[in-house]
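Heads up: the structure comes next, in structure tokens.
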There are 2 protein chains.
Amino acid sequence: MDARPSAHLPTLVLDAQSIRRIVDVVGRDRLMDLIIERLRSRYIDLAASPADSRDRDGFRYDKPALGLIEWMPTHEIGGPVVVKMVGYHPTNPVQRRLPSVIATTSMWDTVTGHLVAIADSTLLTAVRTGAASALATELLTDDPPVILGIIGLGAQAVTQAHAISRVRTIDRIVGFDVDDDVAASFLDRASFLGVEVVLTDRADAVLAAVDVLCTCTSVDIGAGPVVADGAHRPGLHINAVGADFPGKIELPKALLERAFVVPDVTSQCRIEGECQQLDVRSVGPELAELVRSPTLTVPYRGRLSVYDSTGWAVQDAVALQVASELAELHGIGDRIQLELLPADPYDPYGGALARHLLLDPRSSSFPQTV
Amino acid sequence: MDARPSAHLPTLVLDAQSIRRIVDVVGRDRLMDLIIERLRSRYIDLAASPADSRDRDGFRYDKPALGLIEWMPTHEIGGPVVVKMVGYHPTNPVQRRLPSVIATTSMWDTVTGHLVAIADSTLLTAVRTGAASALATELLTDDPPVILGIIGLGAQAVTQAHAISRVRTIDRIVGFDVDDDVAASFLDRASFLGVEVVLTDRADAVLAAVDVLCTCTSVDIGAGPVVADGAHRPGLHINAVGADFPGKIELPKALLERAFVVPDVTSQCRIEGECQQLDVRSVGPELAELVRSPTLTVPYRGRLSVYDSTGWAVQDAVALQVASELAELHGIGDRIQLELLPADPYDPYGGALARHLLLDPRSSSFPQTV
């Protein structure tokens, strides 16, 4: 073996304990606020600093379990590449006491191809999905206290309610789930919000009673919508979070056709979101455009609106950036020498393991902007 | 925070030191032999246990450095999903003393979506590329000792020569590189083979003198071929390893048109391999087909043949499987709780960090078949 030292380029690993520590040290409110604000900034920056994002793609299967594993890649032009790998296995909670969504997000430096960071994104995915709903809710509703409805009281319901609570005062939450046990346990899971939660046994009762509605169900393909069209308040805003698969929908077509519909990624929403049900001419601007130009929303204030949320790698890049910066700031996370970088780059078998600092500032640390 | 314990599903991390330890403990010869043999078995198994592989895709850019970051996904139907993420930055060696190829390979369980393993693949990529060339060489040449030629004496040259040495007795290596320093250093890097190495200053002198030729250059797009058509032995076999990008080629078209050309992945080779230069009717069967049906090669023994190697995720899956099994066997590698799996799968913020064994045998360990 070659005696010369190997190059050293650390990879930041944010594992379960690191993510938990970030939440504990920073607090869930501040973490949510940071991700909401950084998502807002990134959406505004997109005009000057565009992202090249690929369509979500992956493997879908029925065996050994119904599920899919997908990749969501994005490249901040001139900056890093970020890929979220996400598994969705709807039988996980009941059959294995595991979350249906398990995800990791990784970031690569485009000077060297070095893997800069890998982080658990099971929690971060839920938080950034909530953060995007918060931005949409803020843009498309007025400021007085709201009654929040939630249809589907699983994991996403917690972070949706939390995110909305950071941008609007919530008077009361009205919730419905097809599973009574899941519904009952939501009272505990949402108790940190300090908001009264009222459970109902009918989805249409939620629709009728609220100012803001989040739908975040695991409805089966072809089984939607999860609520019938019916009476609602005139200025109702809906964050439709559950649909993320061809044939999977949560909202009635007639309701969508009356609404101002704002997708996260138009092309993706037309394949796997509520926009599957709409002619492209009935689809409004993307959320990022509204964030950049809030006056676009003026004609729609006080009217029915829907944010069609299918998930976007740019949101995951923001969540990973925030988590990485917080980890740097608080000394959280492991920094490992993942990649074998021999002292002689032409000698794959060569090189010792001693550490030799060959740090590219771009690739080894994050700006301390948190 | 919820006091119930979190689920525990470990992720095996094979970092630089782990990969180095596997090489040290097992030996580079045995590691190469295992990957050659497991690649052979997997190619034979593909008929019964097919793989769904996606075309390599990624981001290519000129700034901040010329390079690309790509993903290579494959799904063993009914089994795991494996994705190699690979960066190729040709200025790395000269400007940063880093390998041009830096890669990691990850494997997911399709019962839960859990990330089973992530491993450095900088070395493993070079080894599996060599192993595939060894299979092609074994199938397409006769058994007597060979003179091996190498054009392009960088990192891949080491593992190409090593792999060929495991299936054929090498009398002598004749090498050429456009960079004299790289050529000179190859003598050291290949010394572990115990084979005489003769350097020449002309690529055509290599072509003329050898029984087996490996081309493994970083030739620029549009700058190929790296050797002019000319005299060669009648039964010459060429492993063309360098081309992996549209417009990047190593061999002259006239030579290819005379040869039996065996691609690793036909569709990919026609976009970024030597097969870019050929009509599809001039392209032979894929290497995996020859491995399954070696009699297909009979008409071509003793004639000019080319293995067009662009890289296939199935090879990376095999390399990761072998490395993971060796790591299990020898207690190498770290097992971390990467994914945050709250005790209540519906409560993203909940769950303690205590370990609760919730092990799915499919997803937490590897069969001990090494």
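Chain labels A, B, ... are given in the sequence in which chains occur in the structure tokens; within each chain residues are numbered consecutively from 1, and ligands are likewise numbered from 1 in the order shown.
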Step one, run DSSP on the backbone; step two, keep only residues of stretch 46-121 of chain B assigned to strand (DSSP E); then write them as a short mmCIF file (atom, residue, chain, number, x, y, z; two decimals) with N, CA and C atoms, in the first residue's frame.
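Output saved as out.cif:
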```
data_model
loop_
_atom_site.label_atom_id
_atom_site.label_comp_id
_atom_site.auth_asym_id
_atom_site.auth_seq_id
_atom_site.Cartn_x
_atom_site.Cartn_y
_atom_site.Cartn_z
N ALA B 51 -33.65 -7.88 -13.89
CA ALA B 51 -33.43 -6.55 -13.32
C ALA B 51 -34.11 -5.53 -14.20
N ASP B 52 -34.73 -4.56 -13.55
CA ASP B 52 -35.29 -3.41 -14.26
C ASP B 52 -34.30 -2.27 -14.03
N SER B 53 -33.57 -1.90 -15.08
CA SER B 53 -32.57 -0.85 -14.92
C SER B 53 -33.00 0.36 -15.73
N ASP B 57 -28.87 8.73 -16.03
CA ASP B 57 -29.29 10.11 -16.28
C ASP B 57 -28.60 10.99 -15.25
N GLY B 58 -28.57 12.27 -15.51
CA GLY B 58 -27.92 13.15 -14.55
C GLY B 58 -27.83 14.57 -15.01
N PHE B 59 -27.02 15.32 -14.29
CA PHE B 59 -26.79 16.73 -14.61
C PHE B 59 -25.37 16.87 -15.15
N ARG B 60 -25.25 17.55 -16.28
CA ARG B 60 -23.94 17.81 -16.88
C ARG B 60 -23.76 19.32 -16.93
N TYR B 61 -22.52 19.78 -16.66
CA TYR B 61 -22.31 21.23 -16.55
C TYR B 61 -20.86 21.58 -16.85
N GLY B 67 -18.06 18.83 -15.58
CA GLY B 67 -18.33 17.56 -14.91
C GLY B 67 -19.76 17.12 -15.06
N LEU B 68 -20.07 16.04 -14.39
CA LEU B 68 -21.43 15.55 -14.36
C LEU B 68 -21.64 14.75 -13.09
N ILE B 69 -22.89 14.75 -12.64
CA ILE B 69 -23.31 13.87 -11.55
C ILE B 69 -24.50 13.09 -12.07
N GLU B 70 -24.39 11.77 -12.01
CA GLU B 70 -25.39 10.90 -12.63
C GLU B 70 -25.90 9.87 -11.63
N TRP B 71 -27.10 9.37 -11.90
CA TRP B 71 -27.64 8.26 -11.13
C TRP B 71 -27.83 7.06 -12.04
N MET B 72 -27.55 5.89 -11.51
CA MET B 72 -27.67 4.63 -12.24
C MET B 72 -28.50 3.69 -11.38
N PRO B 73 -29.81 3.64 -11.62
CA PRO B 73 -30.72 2.85 -10.78
C PRO B 73 -31.02 1.47 -11.38
N THR B 74 -31.12 0.47 -10.52
CA THR B 74 -31.57 -0.84 -10.95
C THR B 74 -32.40 -1.47 -9.85
N HIS B 75 -33.37 -2.27 -10.28
CA HIS B 75 -34.26 -2.95 -9.34
C HIS B 75 -34.26 -4.43 -9.69
N GLU B 76 -33.77 -5.23 -8.76
CA GLU B 76 -33.87 -6.68 -8.93
C GLU B 76 -35.31 -7.02 -8.59
N VAL B 81 -33.64 -2.40 -4.50
CA VAL B 81 -33.31 -1.33 -5.45
C VAL B 81 -31.89 -0.86 -5.12
N VAL B 82 -31.07 -0.72 -6.14
CA VAL B 82 -29.70 -0.23 -5.97
C VAL B 82 -29.50 0.98 -6.89
N VAL B 83 -28.94 2.04 -6.34
CA VAL B 83 -28.64 3.23 -7.14
C VAL B 83 -27.18 3.61 -6.91
N LYS B 84 -26.42 3.67 -8.00
CA LYS B 84 -25.09 4.28 -7.88
C LYS B 84 -25.20 5.74 -8.29
N MET B 85 -24.62 6.60 -7.47
CA MET B 85 -24.49 8.02 -7.79
C MET B 85 -23.03 8.23 -8.13
N VAL B 86 -22.77 8.74 -9.31
CA VAL B 86 -21.38 8.84 -9.75
C VAL B 86 -21.09 10.23 -10.27
N GLY B 87 -20.00 10.79 -9.79
CA GLY B 87 -19.50 12.06 -10.31
C GLY B 87 -18.31 11.81 -11.21
N TYR B 88 -18.27 12.49 -12.34
CA TYR B 88 -17.13 12.41 -13.24
C TYR B 88 -16.65 13.83 -13.49
N VAL B 101 -13.37 9.92 -11.09
CA VAL B 101 -14.64 9.27 -10.76
C VAL B 101 -14.74 9.13 -9.24
N ILE B 102 -15.76 9.73 -8.65
CA ILE B 102 -16.07 9.56 -7.23
C ILE B 102 -17.51 9.08 -7.16
N ALA B 103 -17.74 7.99 -6.44
CA ALA B 103 -19.07 7.37 -6.52
C ALA B 103 -19.46 6.75 -5.18
N THR B 104 -20.75 6.68 -4.96
CA THR B 104 -21.31 5.91 -3.85
C THR B 104 -22.45 5.06 -4.40
N THR B 105 -22.63 3.89 -3.80
CA THR B 105 -23.74 3.02 -4.19
C THR B 105 -24.59 2.74 -2.96
N SER B 106 -25.89 2.79 -3.14
CA SER B 106 -26.83 2.59 -2.03
C SER B 106 -27.85 1.52 -2.39
N MET B 107 -28.35 0.84 -1.39
CA MET B 107 -29.31 -0.24 -1.60
C MET B 107 -30.51 -0.07 -0.68
N TRP B 108 -31.72 -0.20 -1.24
CA TRP B 108 -32.95 -0.06 -0.48
C TRP B 108 -33.73 -1.37 -0.46
N LEU B 115 -33.21 2.30 3.74
CA LEU B 115 -31.88 2.30 3.14
C LEU B 115 -31.02 1.26 3.86
N VAL B 116 -30.72 0.18 3.19
CA VAL B 116 -30.01 -0.94 3.81
C VAL B 116 -28.52 -0.67 3.91
N ALA B 117 -27.93 -0.07 2.89
CA ALA B 117 -26.48 0.13 2.87
C ALA B 117 -26.12 1.29 1.97
N ILE B 118 -25.04 1.98 2.35
CA ILE B 118 -24.41 2.96 1.45
C ILE B 118 -22.91 2.73 1.53
N ALA B 119 -22.28 2.67 0.38
CA ALA B 119 -20.85 2.36 0.33
C ALA B 119 -20.13 3.28 -0.64
N ASP B 120 -18.93 3.65 -0.25
CA ASP B 120 -18.03 4.26 -1.24
C ASP B 120 -17.90 3.31 -2.41
#
```
Least-squares Cα fit of chain B to chain A, output as a compact mmCIF listing (two decimals) with C-alpha atoms, in the first residue's frame:
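Output contents, as saved in out-v3.txt:
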```txt
# COMPACT_ATOMS: atom_id res chain seq x y z
CA MET B 1 0.13 0.08 -0.05
CA ASP B 2 1.20 3.59 -0.80
CA ALA B 3 2.46 5.46 2.24
CA ARG B 4 1.28 8.88 1.11
CA PRO B 5 -1.79 10.16 2.87
CA SER B 6 -5.22 10.03 1.27
CA ALA B 7 -7.19 13.13 0.47
CA HIS B 8 -9.76 14.06 3.08
CA LEU B 9 -13.19 15.36 2.11
CA PRO B 10 -15.72 14.84 4.88
CA THR B 11 -19.33 13.85 4.33
CA LEU B 12 -21.78 15.21 6.90
CA VAL B 13 -24.11 12.45 8.11
CA LEU B 14 -27.30 13.58 9.83
CA ASP B 15 -28.80 10.40 11.23
CA ALA B 16 -31.96 9.91 13.31
CA GLN B 17 -30.29 11.13 16.50
CA SER B 18 -28.83 14.20 14.77
CA ILE B 19 -32.20 15.20 13.34
CA ARG B 20 -33.78 14.66 16.74
CA ARG B 21 -31.08 16.80 18.35
CA ILE B 22 -31.63 19.59 15.86
CA VAL B 23 -35.34 19.57 16.75
CA ASP B 24 -34.55 19.48 20.48
CA VAL B 25 -31.88 22.19 20.39
CA VAL B 26 -33.55 24.56 17.95
CA GLY B 27 -37.15 23.80 18.81
CA ARG B 28 -39.77 22.61 16.38
CA ASP B 29 -41.26 26.11 16.01
CA ARG B 30 -37.99 27.72 15.03
CA LEU B 31 -37.11 24.84 12.72
CA MET B 32 -40.47 25.20 10.96
CA ASP B 33 -40.09 28.99 10.78
CA LEU B 34 -36.61 28.70 9.30
CA ILE B 35 -37.76 26.26 6.63
CA ILE B 36 -40.78 28.42 5.76
CA GLU B 37 -38.58 31.51 5.45
CA ARG B 38 -35.80 29.81 3.52
CA LEU B 39 -38.34 28.25 1.18
CA ARG B 40 -39.79 31.71 0.59
CA SER B 41 -36.32 33.14 -0.12
CA ARG B 42 -35.40 30.28 -2.43
CA TYR B 43 -38.62 30.66 -4.40
CA ILE B 44 -37.87 34.36 -4.83
CA ASP B 45 -34.25 33.59 -5.80
CA LEU B 46 -35.27 31.06 -8.44
CA ALA B 47 -35.52 33.81 -11.06
CA ALA B 48 -31.87 34.81 -10.56
CA SER B 49 -30.48 31.43 -9.52
CA PRO B 50 -32.53 28.82 -11.32
CA ALA B 51 -32.82 25.15 -10.49
CA ASP B 52 -32.80 22.35 -13.02
CA SER B 53 -35.09 19.71 -11.54
CA ARG B 54 -35.80 16.35 -13.10
CA ASP B 55 -39.19 14.72 -13.01
CA ARG B 56 -39.59 12.39 -10.08
CA ASP B 57 -38.95 8.86 -11.29
CA GLY B 58 -38.55 5.49 -9.68
CA PHE B 59 -39.54 1.88 -9.34
CA ARG B 60 -43.10 0.93 -8.42
CA TYR B 61 -44.03 -2.62 -7.42
CA ASP B 62 -46.60 -4.87 -5.78
CA LYS B 63 -44.14 -7.42 -4.37
CA PRO B 64 -42.69 -8.07 -1.83
CA ALA B 65 -44.94 -5.22 -0.63
CA LEU B 66 -46.93 -2.54 -2.40
CA GLY B 67 -44.64 0.42 -2.69
CA LEU B 68 -42.27 2.57 -4.63
CA ILE B 69 -38.76 3.94 -4.35
CA GLU B 70 -38.23 7.20 -6.20
CA TRP B 71 -35.51 9.75 -6.81
CA MET B 72 -36.11 13.50 -6.89
CA PRO B 73 -33.04 15.28 -8.31
CA THR B 74 -32.40 19.01 -8.54
CA HIS B 75 -29.38 21.06 -9.53
CA GLU B 76 -28.96 24.63 -8.41
CA ILE B 77 -27.21 25.88 -11.54
CA GLY B 78 -23.60 26.65 -10.60
CA GLY B 79 -24.22 25.15 -7.15
CA PRO B 80 -24.89 21.77 -5.59
CA VAL B 81 -26.86 18.78 -6.85
CA VAL B 82 -29.42 17.48 -4.35
CA VAL B 83 -31.26 14.18 -4.66
CA LYS B 84 -33.96 12.97 -2.32
CA MET B 85 -34.54 9.23 -2.35
CA VAL B 86 -37.97 8.47 -1.01
CA GLY B 87 -39.75 5.22 -0.27
CA TYR B 88 -43.53 5.14 0.00
CA HIS B 89 -44.94 1.92 1.43
CA PRO B 90 -48.54 2.48 2.54
CA THR B 91 -48.74 -0.76 4.55
CA ASN B 92 -45.80 0.27 6.76
CA PRO B 93 -47.76 1.88 9.64
CA VAL B 94 -50.29 -0.92 10.18
CA GLN B 95 -48.11 -3.91 9.32
CA ARG B 96 -44.72 -2.75 10.59
CA ARG B 97 -45.24 0.28 12.82
CA LEU B 98 -43.02 2.22 10.42
CA PRO B 99 -43.74 5.52 8.65
CA SER B 100 -45.21 5.11 5.16
CA VAL B 101 -42.65 7.65 3.90
CA ILE B 102 -38.97 6.94 4.63
CA ALA B 103 -36.51 9.22 2.90
CA THR B 104 -32.94 10.44 2.76
CA THR B 105 -31.60 13.53 1.02
CA SER B 106 -28.05 13.87 -0.26
CA MET B 107 -26.06 16.80 -1.62
CA TRP B 108 -23.09 16.74 -4.02
CA ASP B 109 -20.47 19.37 -4.73
CA THR B 110 -20.22 20.15 -8.45
CA VAL B 111 -16.53 21.10 -8.34
CA THR B 112 -15.36 17.60 -7.39
CA GLY B 113 -18.39 15.28 -7.40
CA HIS B 114 -17.91 14.79 -3.66
CA LEU B 115 -20.92 13.77 -1.51
CA VAL B 116 -21.17 16.71 0.89
CA ALA B 117 -24.03 15.51 3.10
CA ILE B 118 -26.59 12.78 3.58
CA ALA B 119 -29.47 13.25 5.98
CA ASP B 120 -32.51 11.39 7.14
CA SER B 121 -35.46 13.15 5.56
CA THR B 122 -38.39 11.34 7.09
CA LEU B 123 -39.05 14.29 9.42
CA LEU B 124 -37.66 16.92 7.06
CA THR B 125 -40.03 15.82 4.29
CA ALA B 126 -43.04 16.27 6.57
CA VAL B 127 -41.75 19.66 7.74
CA ARG B 128 -40.99 21.03 4.26
CA THR B 129 -44.37 19.82 2.97
CA GLY B 130 -46.00 21.70 5.84
CA ALA B 131 -43.85 24.76 5.15
CA ALA B 132 -44.99 24.89 1.52
CA SER B 133 -48.65 24.65 2.62
CA ALA B 134 -47.98 27.51 5.06
CA LEU B 135 -46.67 29.71 2.23
CA ALA B 136 -49.73 28.90 0.10
CA THR B 137 -52.10 29.53 3.00
CA GLU B 138 -50.48 32.84 3.83
CA LEU B 139 -50.76 34.00 0.22
CA LEU B 140 -54.31 32.82 -0.38
CA THR B 141 -56.14 33.62 2.87
CA ASP B 142 -56.76 36.74 4.90
CA ASP B 143 -55.22 37.37 8.28
CA PRO B 144 -57.97 36.82 10.90
CA PRO B 145 -57.95 33.69 13.05
CA VAL B 146 -58.96 30.58 11.14
CA ILE B 147 -60.70 27.31 11.74
CA LEU B 148 -58.42 24.63 10.30
CA GLY B 149 -59.84 21.42 8.90
CA ILE B 150 -57.81 18.27 8.35
CA ILE B 151 -58.96 15.21 6.46
CA GLY B 152 -56.52 12.38 7.04
CA LEU B 153 -54.98 12.56 10.51
CA GLY B 154 -51.75 10.61 9.97
CA ALA B 155 -48.18 11.86 10.14
CA GLN B 156 -48.56 14.70 7.63
CA ALA B 157 -51.52 16.11 9.60
CA VAL B 158 -49.20 16.98 12.48
CA THR B 159 -46.77 19.01 10.39
CA GLN B 160 -49.53 20.56 8.26
CA ALA B 161 -51.26 21.86 11.39
CA HIS B 162 -47.96 22.95 12.87
CA ALA B 163 -46.93 24.84 9.74
CA ILE B 164 -50.29 26.60 9.39
CA SER B 165 -50.08 27.59 13.06
CA ARG B 166 -46.84 29.47 12.32
CA VAL B 167 -48.49 31.78 9.75
CA ARG B 168 -52.09 31.97 10.99
CA THR B 169 -53.72 31.98 14.42
CA ILE B 170 -55.76 28.78 14.59
CA ASP B 171 -59.02 29.07 16.59
CA ARG B 172 -59.89 25.42 16.36
CA ILE B 173 -58.97 22.28 14.39
CA VAL B 174 -61.75 20.12 12.96
CA GLY B 175 -60.44 16.70 12.02
CA PHE B 176 -61.61 13.54 10.29
CA ASP B 177 -59.98 10.19 9.59
CA VAL B 178 -61.47 6.97 8.28
CA ASP B 179 -59.61 5.16 11.09
CA ASP B 180 -61.05 6.03 14.52
CA ASP B 181 -57.87 5.05 16.35
CA VAL B 182 -55.74 7.30 14.16
CA ALA B 183 -58.24 10.11 14.68
CA ALA B 184 -58.24 9.67 18.46
CA SER B 185 -54.45 9.61 18.67
CA PHE B 186 -54.24 12.91 16.76
CA LEU B 187 -55.43 14.67 19.93
CA ASP B 188 -52.18 13.64 21.63
CA ARG B 189 -49.97 14.16 18.61
CA ALA B 190 -51.24 17.71 18.05
CA SER B 191 -51.44 18.67 21.72
CA PHE B 192 -48.18 20.65 21.51
CA LEU B 193 -50.05 23.20 19.40
CA GLY B 194 -52.29 24.18 22.31
CA VAL B 195 -55.30 24.39 19.99
CA GLU B 196 -58.69 22.79 20.58
CA VAL B 197 -59.19 19.76 18.29
CA VAL B 198 -62.71 18.61 17.45
CA LEU B 199 -63.13 15.25 15.72
CA THR B 200 -66.02 14.59 13.40
CA ASP B 201 -67.14 11.39 11.75
CA ARG B 202 -67.86 12.94 8.35
CA ALA B 203 -65.50 14.52 5.83
CA ASP B 204 -68.22 16.87 4.52
CA ALA B 205 -68.71 18.23 8.04
CA VAL B 206 -65.05 19.31 7.94
CA LEU B 207 -65.44 20.89 4.50
CA ALA B 208 -68.46 22.90 5.65
CA ALA B 209 -66.96 24.25 8.85
CA VAL B 210 -63.48 25.55 8.07
CA ASP B 211 -61.49 28.45 6.58
CA VAL B 212 -58.44 26.39 5.71
CA LEU B 213 -58.47 22.69 4.89
CA CYS B 214 -55.55 20.28 4.58
CA THR B 215 -56.21 16.93 2.92
CA CYS B 216 -53.41 14.49 3.70
CA THR B 217 -54.77 11.00 3.23
CA SER B 218 -53.32 7.75 1.88
CA VAL B 219 -56.40 7.25 -0.30
CA ASP B 220 -56.06 4.31 -2.67
CA ILE B 221 -55.61 4.78 -6.39
CA GLY B 222 -59.04 5.20 -7.97
CA ALA B 223 -60.80 5.50 -4.58
CA GLY B 224 -60.88 9.32 -4.35
CA PRO B 225 -62.18 11.91 -3.81
CA VAL B 226 -62.03 11.76 -0.03
CA VAL B 227 -64.76 14.36 0.41
CA ALA B 228 -67.88 14.99 -1.69
CA ASP B 229 -68.46 18.38 -3.20
CA GLY B 230 -70.71 20.41 -0.95
CA ALA B 231 -71.19 23.51 1.11
CA HIS B 232 -68.09 25.44 2.20
CA ARG B 233 -67.13 28.96 3.18
CA PRO B 234 -66.63 31.27 0.18
CA GLY B 235 -62.98 32.03 0.92
CA LEU B 236 -61.96 28.45 1.72
CA HIS B 237 -58.32 27.60 0.98
CA ILE B 238 -57.37 23.94 0.59
CA ASN B 239 -53.89 22.45 0.77
CA ALA B 240 -54.26 19.12 -1.06
CA VAL B 241 -51.24 17.13 0.06
CA GLY B 242 -52.12 13.45 -0.35
CA ALA B 243 -52.21 12.91 -4.12
CA ASP B 244 -48.79 11.90 -5.42
CA PHE B 245 -49.51 9.05 -7.81
CA PRO B 246 -51.37 8.61 -11.11
CA GLY B 247 -55.03 7.90 -10.31
CA LYS B 248 -54.70 9.10 -6.71
CA ILE B 249 -56.89 12.15 -5.99
CA GLU B 250 -58.47 13.71 -2.91
CA LEU B 251 -60.76 16.49 -4.16
CA PRO B 252 -63.92 16.44 -6.31
CA LYS B 253 -63.46 17.65 -9.87
CA ALA B 254 -66.39 20.09 -9.61
CA LEU B 255 -64.77 21.79 -6.61
CA LEU B 256 -61.44 22.07 -8.40
CA GLU B 257 -63.14 23.60 -11.43
CA ARG B 258 -64.56 26.37 -9.22
CA ALA B 259 -61.22 27.03 -7.54
CA PHE B 260 -58.03 28.98 -8.20
CA VAL B 261 -55.65 26.00 -8.39
CA VAL B 262 -51.96 26.57 -7.62
CA PRO B 263 -49.65 23.59 -8.25
CA ASP B 264 -46.17 23.15 -6.83
CA VAL B 265 -44.83 21.68 -10.10
CA THR B 266 -47.38 21.91 -12.91
CA SER B 267 -46.04 19.05 -15.03
CA GLN B 268 -45.91 16.70 -12.05
CA CYS B 269 -49.31 17.75 -10.68
CA ARG B 270 -50.89 16.99 -14.03
CA ILE B 271 -49.54 13.42 -13.76
CA GLU B 272 -50.01 12.65 -10.07
CA GLY B 273 -51.72 15.56 -8.31
CA GLU B 274 -55.22 17.03 -8.22
CA CYS B 275 -54.45 18.67 -11.57
CA GLN B 276 -54.86 15.23 -13.17
CA GLN B 277 -58.54 16.15 -13.19
CA LEU B 278 -58.14 19.54 -14.85
CA ASP B 279 -57.59 20.87 -18.30
CA VAL B 280 -54.22 22.63 -18.33
CA ARG B 281 -56.02 25.94 -19.02
CA SER B 282 -57.76 25.63 -15.63
CA VAL B 283 -54.46 25.37 -13.75
CA GLY B 284 -53.10 28.57 -12.19
CA PRO B 285 -49.51 29.68 -11.70
CA GLU B 286 -47.09 27.64 -9.61
CA LEU B 287 -46.65 28.46 -5.93
CA ALA B 288 -43.12 29.77 -6.53
CA GLU B 289 -44.51 32.32 -9.00
CA LEU B 290 -47.04 33.54 -6.42
CA VAL B 291 -44.33 33.85 -3.81
CA ARG B 292 -42.28 35.97 -6.21
CA SER B 293 -45.28 38.05 -7.28
CA PRO B 294 -47.84 38.07 -4.44
CA THR B 295 -49.98 40.65 -6.25
CA LEU B 296 -50.99 37.84 -8.62
CA THR B 297 -53.17 36.55 -5.79
CA VAL B 298 -55.18 39.76 -5.37
CA PRO B 299 -58.07 38.75 -7.67
CA TYR B 300 -58.39 35.48 -5.79
CA ARG B 301 -58.43 36.66 -2.16
CA GLY B 302 -61.73 35.71 -0.55
CA ARG B 303 -62.37 33.04 -3.21
CA LEU B 304 -61.99 29.27 -3.19
CA SER B 305 -58.34 28.25 -3.74
CA VAL B 306 -56.42 24.97 -3.82
CA TYR B 307 -52.69 24.40 -3.43
CA ASP B 308 -51.88 21.14 -5.23
CA SER B 309 -48.87 19.75 -3.35
CA THR B 310 -47.00 16.82 -4.87
CA GLY B 311 -43.51 17.60 -3.58
CA TRP B 312 -40.50 19.24 -5.24
CA ALA B 313 -36.80 18.50 -4.86
CA VAL B 314 -36.09 22.22 -4.46
CA GLN B 315 -38.04 22.05 -1.17
CA ASP B 316 -35.86 19.13 -0.07
CA ALA B 317 -32.71 21.03 -1.00
CA VAL B 318 -33.85 23.93 1.20
CA ALA B 319 -34.67 21.59 4.10
CA LEU B 320 -31.28 19.89 3.84
CA GLN B 321 -29.48 23.24 3.65
CA VAL B 322 -31.24 24.47 6.80
CA ALA B 323 -30.59 21.21 8.67
CA SER B 324 -26.94 21.19 7.60
CA GLU B 325 -26.40 24.79 8.69
CA LEU B 326 -28.04 24.13 12.06
CA ALA B 327 -25.89 21.03 12.46
CA GLU B 328 -22.73 23.07 11.78
CA LEU B 329 -23.83 25.81 14.15
CA HIS B 330 -24.56 23.45 17.03
CA GLY B 331 -21.86 20.84 16.40
CA ILE B 332 -24.39 18.16 15.54
CA GLY B 333 -23.87 15.28 13.12
CA ASP B 334 -21.01 13.01 12.13
CA ARG B 335 -18.38 13.92 9.59
CA ILE B 336 -17.03 10.77 8.00
CA GLN B 337 -14.52 10.05 5.27
CA LEU B 338 -16.98 8.13 3.12
CA GLU B 339 -15.18 8.25 -0.21
CA LEU B 340 -11.91 6.43 -0.75
CA LEU B 341 -9.60 9.08 -2.20
CA PRO B 342 -6.16 7.58 -2.72
CA ALA B 343 -3.13 9.82 -2.39
CA ASP B 344 -2.39 9.08 -6.04
CA PRO B 345 -5.65 9.60 -7.90
CA TYR B 346 -4.39 7.20 -10.58
CA ASP B 347 -3.89 4.38 -8.10
CA PRO B 348 -7.23 2.96 -6.93
CA TYR B 349 -5.57 0.39 -4.65
CA GLY B 350 -3.03 2.86 -3.27
CA GLY B 351 -2.99 5.43 -0.53
CA ALA B 352 -2.90 5.21 3.23
CA LEU B 353 -5.70 6.19 5.55
CA ALA B 354 -3.99 9.06 7.35
CA ARG B 355 -5.86 12.32 7.10
CA HIS B 356 -4.50 14.95 4.82
CA LEU B 357 -6.44 18.15 4.74
CA LEU B 358 -7.34 18.88 1.18
CA LEU B 359 -10.40 20.96 1.85
CA ASP B 360 -12.29 22.83 -0.76
CA PRO B 361 -14.23 25.47 1.19
CA ARG B 362 -17.16 25.11 -1.23
CA SER B 363 -17.56 21.45 -0.59
CA SER B 364 -16.75 20.97 3.06
CA SER B 365 -18.79 23.48 4.98
CA PHE B 366 -21.93 25.51 4.78
CA PRO B 367 -22.36 29.24 5.05
CA GLN B 368 -23.35 30.13 8.59
CA THR B 369 -26.44 32.06 7.72
CA VAL B 370 -28.91 30.51 10.18
```
> When DSSP works through the backbone of this structure, what residues of stretch 97-148 of chain B end up as alpha helix (DSSP H), shown as number ranges by chain?
Replying inline: B: 122-140
